[in-house]
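Source file: target12.tsv. Holds: TSV, C-alpha atoms and all ligand atoms.
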```tsv
chain	number	residue	atom	x	y	z
C	27	MET	CA	-15.83	142.99	111.02
C	28	ASN	CA	-17.62	140.01	112.33
C	29	ASP	CA	-14.60	137.84	113.13
C	30	PRO	CA	-15.67	134.26	114.04
C	31	THR	CA	-12.40	133.50	115.78
C	32	THR	CA	-13.22	135.84	118.66
C	33	LYS	CA	-16.33	133.75	119.47
C	34	THR	CA	-16.80	130.23	120.81
C	35	LEU	CA	-18.35	127.46	118.78
C	36	ALA	CA	-21.44	127.67	120.97
C	37	GLU	CA	-21.72	131.38	120.29
C	38	LEU	CA	-21.40	130.63	116.58
C	39	GLY	CA	-24.15	128.05	116.88
C	40	ILE	CA	-21.97	125.19	115.69
C	41	SER	CA	-22.56	121.81	117.25
C	42	THR	CA	-21.71	119.19	114.61
C	43	PRO	CA	-18.38	117.87	113.25
C	44	ASP	CA	-19.48	118.94	109.77
C	45	GLY	CA	-20.14	122.45	111.02
C	46	VAL	CA	-16.66	122.48	112.52
C	47	SER	CA	-15.05	121.28	109.27
C	48	LYS	CA	-16.96	123.89	107.31
C	49	LEU	CA	-15.87	126.60	109.69
C	50	PHE	CA	-12.20	125.58	109.32
C	51	ALA	CA	-12.58	125.37	105.54
C	52	ASP	CA	-13.75	129.00	105.56
C	53	VAL	CA	-10.77	130.11	107.58
C	54	CYS	CA	-8.43	128.16	105.34
C	55	GLN	CA	-10.07	129.73	102.29
C	56	GLN	CA	-9.55	133.13	103.86
C	57	PHE	CA	-5.90	132.34	104.36
C	58	ASP	CA	-5.49	131.12	100.80
C	59	ASN	CA	-7.26	134.21	99.43
C	60	GLN	CA	-4.56	136.38	100.91
C	61	ASN	CA	-2.16	134.67	98.55
C	62	ILE	CA	0.71	134.82	100.96
C	63	GLY	CA	3.24	134.02	98.25
C	64	GLN	CA	2.31	137.08	96.19
C	65	ILE	CA	2.20	139.39	99.18
C	66	ALA	CA	5.54	138.23	100.45
C	67	LEU	CA	7.20	138.52	97.06
C	68	ALA	CA	5.91	142.04	96.49
C	69	GLY	CA	6.51	143.27	100.01
C	70	GLY	CA	9.57	141.27	100.90
C	71	GLU	CA	10.71	140.20	104.37
C	72	ASN	CA	8.58	142.77	106.26
C	73	ARG	CA	5.28	141.72	104.73
C	74	TRP	CA	6.14	138.08	105.31
C	75	GLU	CA	6.80	138.74	109.02
C	76	GLU	CA	3.52	140.62	109.22
C	77	GLN	CA	1.57	137.71	107.73
C	78	ARG	CA	3.25	135.25	110.03
C	79	GLY	CA	2.30	137.43	113.00
C	80	THR	CA	-1.30	137.66	111.82
C	81	TRP	CA	-1.66	133.87	111.55
C	82	LEU	CA	0.84	132.31	113.93
C	83	GLY	CA	1.40	135.12	116.47
C	84	ARG	CA	1.46	133.70	120.01
C	85	ARG	CA	-1.00	136.06	121.62
C	86	SER	CA	-3.36	137.37	118.95
C	87	GLY	CA	-2.59	135.25	115.87
C	88	VAL	CA	-5.59	133.61	114.23
C	89	LEU	CA	-4.44	130.16	115.29
C	90	SER	CA	-4.03	131.20	118.90
C	91	LEU	CA	-7.49	132.72	118.90
C	92	ILE	CA	-8.91	129.52	117.46
C	93	THR	CA	-7.14	127.51	120.16
C	94	ASP	CA	-8.46	129.79	122.89
C	95	ASN	CA	-11.98	130.34	121.59
C	96	TRP	CA	-12.83	127.19	119.66
C	97	LEU	CA	-10.70	124.35	120.97
C	98	LYS	CA	-10.44	124.98	124.70
C	99	PRO	CA	-14.13	125.67	125.37
C	100	ALA	CA	-15.38	123.04	122.87
C	101	PRO	CA	-17.76	120.42	124.16
C	102	PRO	CA	-16.08	117.02	124.55
C	103	GLU	CA	-17.81	115.48	121.51
C	104	LEU	CA	-16.36	118.18	119.21
C	105	LYS	CA	-12.91	118.48	120.79
C	106	ARG	CA	-11.34	115.77	118.67
C	107	VAL	CA	-12.50	117.16	115.34
C	108	VAL	CA	-11.62	120.74	116.32
C	109	GLY	CA	-8.14	119.54	117.32
C	110	GLN	CA	-7.67	117.65	114.05
C	111	GLU	CA	-8.91	120.55	111.93
C	112	LEU	CA	-6.74	122.98	113.88
C	113	ASN	CA	-3.62	120.84	113.29
C	114	LYS	CA	-4.46	120.58	109.60
C	115	LEU	CA	-4.91	124.35	109.33
C	116	LYS	CA	-1.72	125.00	111.25
C	117	ALA	CA	0.26	122.62	109.03
C	118	HIS	CA	-1.16	124.26	105.93
C	119	VAL	CA	-0.40	127.82	107.12
C	120	GLU	CA	3.13	126.86	108.15
C	121	ALA	CA	3.79	125.08	104.87
C	122	MET	CA	2.58	128.04	102.83
C	123	LEU	CA	4.60	130.51	104.88
C	124	GLU	CA	7.68	128.34	104.49
C	125	GLU	CA	7.14	128.16	100.75
C	126	ALA	CA	6.85	131.95	100.58
C	127	ARG	CA	10.00	132.29	102.65
C	128	VAL	CA	11.94	130.15	100.18
C	129	GLN	CA	10.61	132.28	97.32
C	130	ILE	CA	11.70	135.52	99.03
C	131	ASP	CA	15.19	134.20	99.66
C	132	ALA	CA	15.53	133.04	96.06
C	133	ALA	CA	14.35	136.43	94.79
C	134	ALA	CA	16.81	138.25	97.07
C	135	ASP	CA	19.63	136.00	95.90
C	136	GLN	CA	18.73	136.66	92.30
C	137	ALA	CA	18.65	140.42	92.85
C	138	ALA	CA	22.04	140.36	94.55
C	139	THR	CA	23.56	138.31	91.77
C	140	ALA	CA	22.18	140.72	89.18
C	141	ARG	CA	23.57	143.69	91.14
C	142	GLU	CA	27.02	142.17	91.47
C	143	LYS	CA	27.25	140.82	87.98
C	144	ILE	CA	30.21	142.22	86.02
C	145	ASP	CA	29.26	143.29	82.54
C	146	LEU	CA	32.23	142.22	80.46
C	147	SER	CA	30.80	143.95	77.40
C	148	LEU	CA	31.19	147.43	78.95
C	149	PRO	CA	34.06	149.43	77.47
C	150	GLY	CA	36.99	149.62	79.91
C	151	ILE	CA	38.79	152.68	81.24
C	152	GLN	CA	41.33	153.69	78.65
C	153	ARG	CA	44.86	154.18	79.84
C	154	PRO	CA	46.78	155.68	76.95
C	155	ILE	CA	50.30	154.34	76.69
C	156	GLY	CA	52.87	157.12	76.64
C	157	THR	CA	55.65	157.41	74.12
C	158	ARG	CA	59.35	157.85	74.68
C	159	HIS	CA	60.40	161.43	74.03
C	160	LEU	CA	61.94	161.97	70.63
C	161	VAL	CA	65.23	163.03	72.21
C	162	ARG	CA	65.24	159.89	74.38
C	163	GLN	CA	64.50	157.74	71.34
C	164	THR	CA	67.39	159.36	69.50
C	165	TYR	CA	69.72	158.74	72.46
C	166	GLU	CA	68.70	155.10	72.51
C	167	GLU	CA	69.44	154.84	68.80
C	168	LEU	CA	72.87	156.42	69.37
C	169	PHE	CA	73.60	154.10	72.30
C	170	ARG	CA	72.68	151.11	70.17
C	171	ILE	CA	75.10	152.18	67.43
C	172	PHE	CA	78.03	152.92	69.73
C	173	LEU	CA	77.52	150.07	72.20
C	174	SER	CA	77.59	147.65	69.25
C	175	ILE	CA	81.12	148.79	68.34
C	176	GLY	CA	82.56	148.58	71.83
C	177	PHE	CA	81.81	151.92	73.46
C	178	SER	CA	80.26	152.19	76.93
C	179	VAL	CA	77.95	154.89	78.27
C	180	VAL	CA	79.03	157.13	81.16
C	181	GLU	CA	77.43	160.24	82.61
C	182	GLY	CA	78.77	163.25	84.48
C	183	PRO	CA	77.76	166.42	86.31
C	184	GLU	CA	75.94	169.32	84.70
C	185	ILE	CA	77.47	171.73	87.19
C	186	GLU	CA	81.17	171.90	86.42
C	187	THR	CA	84.26	173.81	87.36
C	188	PRO	CA	86.06	176.00	84.82
C	189	TYR	CA	88.95	173.56	85.10
C	190	TYR	CA	87.05	170.62	83.61
C	191	ASN	CA	84.89	172.66	81.27
C	192	PHE	CA	87.77	174.74	79.85
C	193	GLU	CA	91.26	174.54	81.30
C	194	ALA	CA	91.95	170.82	81.07
C	195	LEU	CA	90.44	170.83	77.59
C	196	ASN	CA	93.18	173.20	76.55
C	197	ILE	CA	90.81	176.15	76.37
C	198	PRO	CA	92.80	179.09	77.64
C	199	GLU	CA	91.44	182.09	79.45
C	200	HIS	CA	90.93	184.22	76.36
C	201	HIS	CA	89.05	181.63	74.27
C	202	PRO	CA	85.59	182.82	73.12
C	203	ALA	CA	83.90	179.71	74.60
C	204	ARG	CA	84.83	181.11	77.98
C	205	ASP	CA	83.13	184.36	77.26
C	206	ASN	CA	80.50	185.39	79.78
C	207	MET	CA	78.19	185.75	76.82
C	208	ASP	CA	78.11	181.98	76.31
C	209	THR	CA	78.53	180.51	79.74
C	210	PHE	CA	76.20	180.46	82.72
C	211	TYR	CA	78.33	181.00	85.79
C	212	ILE	CA	76.77	180.06	89.10
C	213	ALA	CA	76.57	183.07	91.36
C	214	GLY	CA	77.55	182.84	95.00
C	215	SER	CA	79.57	179.64	94.94
C	216	ARG	CA	82.81	179.96	96.91
C	217	SER	CA	84.93	178.50	94.14
C	218	PRO	CA	83.78	179.28	90.59
C	219	HIS	CA	81.23	176.90	89.10
C	220	LEU	CA	79.30	176.92	85.87
C	221	LEU	CA	76.75	174.96	83.88
C	222	ARG	CA	78.79	172.85	81.48
C	223	THR	CA	78.75	174.27	77.96
C	224	HIS	CA	79.51	170.86	76.45
C	225	THR	CA	79.93	167.22	77.48
C	226	SER	CA	83.68	167.34	76.80
C	227	PRO	CA	84.58	167.74	80.52
C	228	MET	CA	83.73	164.04	80.82
C	229	GLN	CA	86.70	163.29	78.55
C	230	ILE	CA	88.91	164.64	81.30
C	231	ARG	CA	87.02	163.09	84.21
C	232	THR	CA	87.07	159.68	82.54
C	233	MET	CA	90.79	159.72	81.65
C	234	GLU	CA	91.63	160.96	85.15
C	235	LYS	CA	89.89	157.95	86.62
C	236	GLN	CA	90.95	155.11	84.34
C	237	PRO	CA	94.00	154.05	82.39
C	238	PRO	CA	93.71	153.59	78.62
C	239	PRO	CA	92.13	152.13	76.58
C	240	VAL	CA	89.07	154.38	76.74
C	241	ARG	CA	85.96	154.00	74.61
C	242	ILE	CA	83.05	156.01	75.96
C	243	VAL	CA	80.04	157.97	74.89
C	244	VAL	CA	78.59	160.57	77.26
C	245	PRO	CA	74.97	161.68	76.94
C	246	GLY	CA	73.72	164.78	78.74
C	247	LYS	CA	72.34	168.28	78.89
C	248	VAL	CA	74.57	171.27	78.19
C	249	TYR	CA	73.87	174.97	78.64
C	250	ARG	CA	74.75	178.06	76.66
C	251	ARG	CA	73.43	181.52	77.06
C	252	ASP	CA	71.41	182.30	73.95
C	253	ASN	CA	68.31	184.11	72.80
C	254	PRO	CA	65.71	181.38	72.27
C	255	ASP	CA	64.36	181.05	68.74
C	256	ALA	CA	63.34	178.29	66.31
C	257	THR	CA	66.81	176.75	66.32
C	258	HIS	CA	68.25	177.87	69.68
C	259	GLY	CA	67.51	177.39	73.34
C	260	TYR	CA	69.61	177.89	76.49
C	261	MET	CA	69.90	174.12	76.95
C	262	PHE	CA	70.45	171.32	74.50
C	263	HIS	CA	71.52	167.69	74.49
C	264	GLN	CA	74.88	166.35	73.43
C	265	ILE	CA	76.57	163.03	73.16
C	266	GLU	CA	80.32	163.06	73.56
C	267	GLY	CA	82.53	160.34	72.18
C	268	LEU	CA	86.09	159.51	73.14
C	269	ALA	CA	88.36	156.67	72.04
C	270	VAL	CA	91.97	156.55	73.25
C	271	ASP	CA	94.37	153.65	72.82
C	272	THR	CA	97.91	152.91	71.70
C	273	ASP	CA	97.11	152.41	68.04
C	274	ILE	CA	94.18	154.64	67.08
C	275	THR	CA	94.65	156.43	63.79
C	276	PHE	CA	92.80	158.97	61.72
C	277	CYS	CA	91.50	155.99	59.70
C	278	ASP	CA	89.78	154.61	62.80
C	279	PHE	CA	88.27	158.03	63.33
C	280	LYS	CA	86.95	158.28	59.76
C	281	GLY	CA	85.77	154.67	59.77
C	282	THR	CA	83.83	155.18	63.01
C	283	VAL	CA	82.26	158.37	61.66
C	284	ASP	CA	81.26	156.58	58.43
C	285	HIS	CA	79.80	153.65	60.32
C	286	PHE	CA	77.80	155.97	62.54
C	287	ALA	CA	76.44	158.01	59.61
C	288	ARG	CA	75.33	154.91	57.74
C	289	GLU	CA	73.68	153.40	60.80
C	290	PHE	CA	71.93	156.60	61.75
C	291	LEU	CA	70.91	158.06	58.39
C	292	GLY	CA	70.87	155.02	56.09
C	293	PRO	CA	73.32	152.68	54.35
C	294	LYS	CA	73.85	154.97	51.33
C	295	THR	CA	75.08	157.87	53.45
C	296	LYS	CA	78.49	159.34	52.62
C	297	THR	CA	80.54	161.57	54.88
C	298	ARG	CA	83.04	164.34	54.35
C	299	LEU	CA	85.32	166.16	56.75
C	300	ARG	CA	85.89	169.92	56.68
C	301	PRO	CA	88.77	171.51	58.57
C	302	SER	CA	87.68	173.06	61.84
C	303	TYR	CA	89.08	174.18	65.15
C	304	PHE	CA	88.65	172.97	68.70
C	305	PRO	CA	91.38	173.57	71.28
C	306	PHE	CA	91.13	169.96	72.51
C	307	THR	CA	91.41	168.24	69.10
C	308	GLU	CA	94.14	168.48	66.52
C	309	PRO	CA	93.41	168.22	63.70
C	310	SER	CA	89.74	169.16	64.12
C	311	ALA	CA	86.93	168.57	61.69
C	312	GLU	CA	83.31	169.27	61.00
C	313	VAL	CA	81.65	166.05	59.88
C	314	ASP	CA	79.07	166.41	57.12
C	315	ALA	CA	76.80	163.68	55.77
C	316	SER	CA	75.26	163.45	52.32
C	317	CYS	CA	71.67	164.69	52.63
C	318	HIS	CA	69.38	161.82	53.68
C	319	MET	CA	66.40	163.58	52.09
C	320	CYS	CA	67.67	164.10	48.52
C	321	GLY	CA	70.63	161.74	48.53
C	322	GLY	CA	72.98	164.62	47.72
C	323	SER	CA	71.28	166.21	44.72
C	324	GLY	CA	70.15	169.27	46.67
C	325	CYS	CA	66.86	170.06	48.43
C	326	ARG	CA	65.34	172.40	50.98
C	327	VAL	CA	66.63	170.41	53.96
C	328	CYS	CA	70.29	170.66	52.86
C	329	LYS	CA	69.79	174.15	51.44
C	330	GLN	CA	70.63	172.85	47.94
C	331	SER	CA	74.15	171.90	49.03
C	332	GLY	CA	73.62	168.13	49.13
C	333	TRP	CA	75.38	168.02	52.53
C	334	ILE	CA	74.25	168.25	56.10
C	335	GLU	CA	76.46	169.35	58.96
C	336	LEU	CA	76.45	166.61	61.60
C	337	PHE	CA	78.93	167.35	64.38
C	338	GLY	CA	82.38	168.53	65.44
C	339	ALA	CA	85.20	166.10	66.03
C	340	GLY	CA	88.91	165.46	65.71
C	341	MET	CA	91.97	163.63	66.94
C	342	VAL	CA	92.59	164.22	70.65
C	343	ASN	CA	95.06	167.08	71.06
C	344	PRO	CA	98.20	165.67	72.77
C	345	ALA	CA	98.14	168.73	75.03
C	346	VAL	CA	95.01	167.26	76.70
C	347	TYR	CA	96.90	164.09	77.73
C	348	GLY	CA	99.16	166.29	79.83
C	349	PHE	CA	96.23	167.18	82.09
C	350	VAL	CA	95.36	163.54	82.83
C	351	ASN	CA	98.79	161.97	83.00
C	352	TYR	CA	98.40	160.01	79.81
C	353	ASP	CA	101.58	159.48	77.76
C	354	PRO	CA	101.19	161.52	74.52
C	355	GLN	CA	104.12	159.61	72.96
C	356	ARG	CA	102.36	156.29	73.32
C	357	LEU	CA	98.66	157.18	73.02
C	358	SER	CA	96.36	158.57	70.40
C	359	GLY	CA	92.63	158.87	69.98
C	360	PHE	CA	89.67	160.71	68.59
C	361	ALA	CA	86.72	162.58	70.05
C	362	PHE	CA	83.43	163.92	68.83
C	363	GLY	CA	80.54	165.94	70.20
C	364	MET	CA	77.11	165.69	68.64
C	365	GLY	CA	74.04	167.84	69.19
C	366	VAL	CA	71.37	165.22	69.85
C	367	ASP	CA	68.35	167.51	69.45
C	368	ARG	CA	69.77	168.57	66.11
C	369	LEU	CA	70.24	164.97	64.98
C	370	ALA	CA	66.70	164.14	66.09
C	371	MET	CA	65.27	167.11	64.17
C	372	LEU	CA	67.24	166.19	61.05
C	373	LYS	CA	66.19	162.58	61.09
C	374	TYR	CA	62.54	163.15	61.92
C	375	GLY	CA	61.97	166.40	60.00
C	376	VAL	CA	61.28	168.62	63.01
C	377	THR	CA	61.90	172.29	62.24
C	378	GLU	CA	61.37	174.03	65.57
C	379	VAL	CA	63.50	173.37	68.66
C	380	PRO	CA	60.78	174.57	71.08
C	381	LEU	CA	58.52	171.72	69.93
C	382	LEU	CA	60.91	169.29	71.60
C	383	PHE	CA	60.55	170.91	75.02
C	384	GLN	CA	57.01	172.25	75.22
C	385	ASN	CA	55.74	168.77	76.12
C	386	ASP	CA	52.67	169.01	73.94
C	387	VAL	CA	51.45	165.42	73.69
C	388	ARG	CA	49.94	166.13	70.27
C	389	PHE	CA	53.52	166.62	69.06
C	390	LEU	CA	55.24	164.00	71.21
C	391	GLY	CA	52.63	161.35	70.32
C	392	GLN	CA	53.67	161.54	66.68
C	393	PHE	CA	56.83	159.56	67.48
C	394	PRO	CA	55.54	156.34	69.02
P	1	LIG	N1	82.64	170.07	72.62
P	1	LIG	C1	82.48	170.55	71.26
P	1	LIG	C2	81.27	171.48	71.19
P	1	LIG	O1	80.46	171.43	72.06
P	1	LIG	C3	82.28	169.41	70.29
P	1	LIG	C4	83.47	168.52	70.20
P	1	LIG	C5	83.59	167.46	71.03
P	1	LIG	C6	84.44	168.73	69.24
P	1	LIG	C7	84.69	166.58	70.93
P	1	LIG	C8	85.52	167.92	69.11
P	1	LIG	C9	85.65	166.85	69.95
P	1	LIG	O2	81.12	172.24	70.26
```

Take the structure I supplied and represent it as structure tokens, if you would.
Ligand code: PHE
Amino acid sequence: MNDPTTKTLAELGISTPDGVSKLFADVCQQFDNQNIGQIALAGGENRWEEQRGTWLGRRSGVLSLITDNWLKPAPPELKRVVGQELNKLKAHVEAMLEEARVQIDAAADQAATAREKIDLSLPGIQRPIGTRHLVRQTYEELFRIFLSIGFSVVEGPEIETPYYNFEALNIPEHHPARDNMDTFYIAGSRSPHLLRTHTSPMQIRTMEKQPPPVRIVVPGKVYRRDNPDATHGYMFHQIEGLAVDTDITFCDFKGTVDHFAREFLGPKTKTRLRPSYFPFTEPSAEVDASCHMCGGSGCRVCKQSGWIELFGAGMVNPAVYGFVNYDPQRLSGFAFGMGVDRLAMLKYGVTEVPLLFQNDVRFLGQFP
């Protein structure tokens, strides 16, 4: 290309101020034609630097060439006008570059803001809220009922000794509950240990530790050897109850049972007691409630009987007091042991025990 900036004014044949002005106007036009703003915006920082180098570069920028080739060798009569035009051109180029620079920065800022912008309309990450297990819910319901009438909650070990599980509960050696068929004994322990078959050992542990009066409920897992089916497993949950004081009668027992049944199954619920047998209660009873499904007229749930078996209970057998140094002449009380899984299934219409322990959220989620 025939670049005028590599030649002197003399070589270009320019000798008048007008010629000089025209020459600078051409260069300026050339600069403007490049449309520095557009280039810089499209190409960003790099293209801007490139343009600045082309025009303002110290050694081979257009303005340096003009200084070297036009200004310095200019004849004295043209020097002034060349200098003025050069300053004008330089100011123009710098101003345009600066303007482009500002545009680039603004565009970069805008892009960054767009990138970092949080879109509040996007759907969030769902964190499903779990539900309390049906057995836990039932426990909490039972706690509520018994805490409100003065009982407290205590817990005890699942691994027990035969003494607490049987002996101190007045269950002698030959009693069927001691049968190997029902009880998991723990192999290899120096003194015999077993998985408790009921929560009743906590009756003994509590009375050993504290003087009367006693009003406790004891939640917990119990274990019995069994062939698993729809209504049996090798583990289930119980809640034990024990009330001992100087003036507790069978009426208190029946009243507590009634209150519980009404709170748990509904205010219209009636109860009845059937004679039963437990070595640690005397007399013993099975507590039935009028069927909460049919109200007592007979349905599938109560097998047409109108009654539902709730739990075993009775007045504390005075023989038990002998094991804990309580005075059987002065003290009396009642005890009960409920199957919590059973109560949960009754109340919520669950028919299969395994459903409670398979941890299938499709089942568990039905009891929010
Ligand atoms: N421990 C008895 C059982 O598991 C239930 C029970 C507890 C009965 C307290 C009477 C008194 O079958």

- Would you kindly return, as an NGL selection string, each protein, DNA or RNA residue with an atom no farther than 12 Å from any atom of range 239-243 of chain C, considering only C-alpha atoms and excluding same-chain residues fewer than 4 positions away? :C and (165-166 or 168-182 or 225-226 or 228-235 or 264-274 or 282 or 352 or 356-364)

Could the residues in this selection be written to a file with C-alpha atoms, as a compact mmCIF listing (two decimals), in the frame of the given file?
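Result file is out_3.txt:
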```
# COMPACT_ATOMS: atom_id res chain seq x y z
CA TYR C 165 69.72 158.74 72.46
CA GLU C 166 68.70 155.10 72.51
CA LEU C 168 72.87 156.42 69.37
CA PHE C 169 73.60 154.10 72.30
CA ARG C 170 72.68 151.11 70.17
CA ILE C 171 75.10 152.18 67.43
CA PHE C 172 78.03 152.92 69.73
CA LEU C 173 77.52 150.07 72.20
CA SER C 174 77.59 147.65 69.25
CA ILE C 175 81.12 148.79 68.34
CA GLY C 176 82.56 148.58 71.83
CA PHE C 177 81.81 151.92 73.46
CA SER C 178 80.26 152.19 76.93
CA VAL C 179 77.95 154.89 78.27
CA VAL C 180 79.03 157.13 81.16
CA GLU C 181 77.43 160.24 82.61
CA GLY C 182 78.77 163.25 84.48
CA THR C 225 79.93 167.22 77.48
CA SER C 226 83.68 167.34 76.80
CA MET C 228 83.73 164.04 80.82
CA GLN C 229 86.70 163.29 78.55
CA ILE C 230 88.91 164.64 81.30
CA ARG C 231 87.02 163.09 84.21
CA THR C 232 87.07 159.68 82.54
CA MET C 233 90.79 159.72 81.65
CA GLU C 234 91.63 160.96 85.15
CA LYS C 235 89.89 157.95 86.62
CA GLN C 264 74.88 166.35 73.43
CA ILE C 265 76.57 163.03 73.16
CA GLU C 266 80.32 163.06 73.56
CA GLY C 267 82.53 160.34 72.18
CA LEU C 268 86.09 159.51 73.14
CA ALA C 269 88.36 156.67 72.04
CA VAL C 270 91.97 156.55 73.25
CA ASP C 271 94.37 153.65 72.82
CA THR C 272 97.91 152.91 71.70
CA ASP C 273 97.11 152.41 68.04
CA ILE C 274 94.18 154.64 67.08
CA THR C 282 83.83 155.18 63.01
CA TYR C 352 98.40 160.01 79.81
CA ARG C 356 102.36 156.29 73.32
CA LEU C 357 98.66 157.18 73.02
CA SER C 358 96.36 158.57 70.40
CA GLY C 359 92.63 158.87 69.98
CA PHE C 360 89.67 160.71 68.59
CA ALA C 361 86.72 162.58 70.05
CA PHE C 362 83.43 163.92 68.83
CA GLY C 363 80.54 165.94 70.20
CA MET C 364 77.11 165.69 68.64
```

Enclose all atoms of ligand LIG 1 (chain P) listed in the file in an axis-aligned box, grow every side by 6 Å, and hand back centre and edge lengths in Å to one decimal, as JSON.
```
{"center_x": 83.1, "center_y": 169.4, "center_z": 70.9, "size_x": 17.2, "size_y": 17.7, "size_z": 15.5}
```

- Query: Just how far from CA of Phe286 in chain C is CA of Phe389 in chain C, in Å to one decimal?
  - Reply: 27.3 Å

- Task: Enter the distance from CA of Thr34 in chain C to CA of Leu123 in chain C, in Å, rounded to one decimal.
- Result: 26.7 Å

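Between CA of Glu111 in chain C and CA of Pro30 in chain C the separation is 15.4 Å.
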
- Point out the residue among C:Glu120, C:Phe50, C:Gly332, C:Leu91 with the least atom-to-atom distance to Gln77 in chain C, counting only C-alpha atoms. C:Glu120

- May I ask which of the residues C:Leu381, C:Leu148, C:Ala132, C:Ala339 is the closest one to ligand LIG 1 (chain P), counting all atoms listed in the file? C:Ala339

With N, CA and C atoms as the target, complete range 42-57 of chain C and hand it back as a PDB file, in the frame of the given file.
```pdb
ATOM      1  N   THR C  42     -21.995 120.472 115.273  1.00  0.00           N
ATOM      2  CA  THR C  42     -21.710 119.190 114.610  1.00  0.00           C
ATOM      3  C   THR C  42     -20.303 119.195 114.035  1.00  0.00           C
ATOM      4  N   PRO C  43     -19.714 117.975 113.882  1.00  0.00           N
ATOM      5  CA  PRO C  43     -18.380 117.870 113.250  1.00  0.00           C
ATOM      6  C   PRO C  43     -18.375 118.511 111.862  1.00  0.00           C
ATOM      7  N   ASP C  44     -19.441 118.328 111.103  1.00  0.00           N
ATOM      8  CA  ASP C  44     -19.480 118.940 109.770  1.00  0.00           C
ATOM      9  C   ASP C  44     -19.415 120.459 109.843  1.00  0.00           C
ATOM     10  N   GLY C  45     -20.152 120.988 110.827  1.00  0.00           N
ATOM     11  CA  GLY C  45     -20.140 122.450 111.020  1.00  0.00           C
ATOM     12  C   GLY C  45     -18.727 122.928 111.313  1.00  0.00           C
ATOM     13  N   VAL C  46     -18.050 122.123 112.167  1.00  0.00           N
ATOM     14  CA  VAL C  46     -16.660 122.480 112.520  1.00  0.00           C
ATOM     15  C   VAL C  46     -15.789 122.459 111.270  1.00  0.00           C
ATOM     16  N   SER C  47     -15.868 121.387 110.488  1.00  0.00           N
ATOM     17  CA  SER C  47     -15.050 121.280 109.270  1.00  0.00           C
ATOM     18  C   SER C  47     -15.322 122.436 108.331  1.00  0.00           C
ATOM     19  N   LYS C  48     -16.590 122.800 108.208  1.00  0.00           N
ATOM     20  CA  LYS C  48     -16.960 123.890 107.310  1.00  0.00           C
ATOM     21  C   LYS C  48     -16.354 125.203 107.777  1.00  0.00           C
ATOM     22  N   LEU C  49     -16.432 125.375 109.108  1.00  0.00           N
ATOM     23  CA  LEU C  49     -15.870 126.600 109.690  1.00  0.00           C
ATOM     24  C   LEU C  49     -14.369 126.703 109.381  1.00  0.00           C
ATOM     25  N   PHE C  50     -13.647 125.570 109.592  1.00  0.00           N
ATOM     26  CA  PHE C  50     -12.200 125.580 109.320  1.00  0.00           C
ATOM     27  C   PHE C  50     -11.928 125.789 107.837  1.00  0.00           C
ATOM     28  N   ALA C  51     -12.771 125.195 106.980  1.00  0.00           N
ATOM     29  CA  ALA C  51     -12.580 125.370 105.540  1.00  0.00           C
ATOM     30  C   ALA C  51     -12.683 126.843 105.165  1.00  0.00           C
ATOM     31  N   ASP C  52     -13.606 127.569 105.830  1.00  0.00           N
ATOM     32  CA  ASP C  52     -13.750 129.000 105.560  1.00  0.00           C
ATOM     33  C   ASP C  52     -12.477 129.762 105.924  1.00  0.00           C
ATOM     34  N   VAL C  53     -11.983 129.421 107.110  1.00  0.00           N
ATOM     35  CA  VAL C  53     -10.770 130.110 107.580  1.00  0.00           C
ATOM     36  C   VAL C  53      -9.607 129.822 106.625  1.00  0.00           C
ATOM     37  N   CYS C  54      -9.512 128.558 106.247  1.00  0.00           N
ATOM     38  CA  CYS C  54      -8.430 128.160 105.340  1.00  0.00           C
ATOM     39  C   CYS C  54      -8.562 128.905 104.017  1.00  0.00           C
ATOM     40  N   GLN C  55      -9.812 129.005 103.527  1.00  0.00           N
ATOM     41  CA  GLN C  55     -10.070 129.730 102.290  1.00  0.00           C
ATOM     42  C   GLN C  55      -9.614 131.175 102.425  1.00  0.00           C
ATOM     43  N   GLN C  56      -9.935 131.745 103.583  1.00  0.00           N
ATOM     44  CA  GLN C  56      -9.550 133.130 103.860  1.00  0.00           C
ATOM     45  C   GLN C  56      -8.032 133.290 103.786  1.00  0.00           C
ATOM     46  N   PHE C  57      -7.376 132.300 104.388  1.00  0.00           N
ATOM     47  CA  PHE C  57      -5.900 132.340 104.360  1.00  0.00           C
ATOM     48  C   PHE C  57      -5.396 132.249 102.920  1.00  0.00           C
TER      49      PHE C  57
END
```
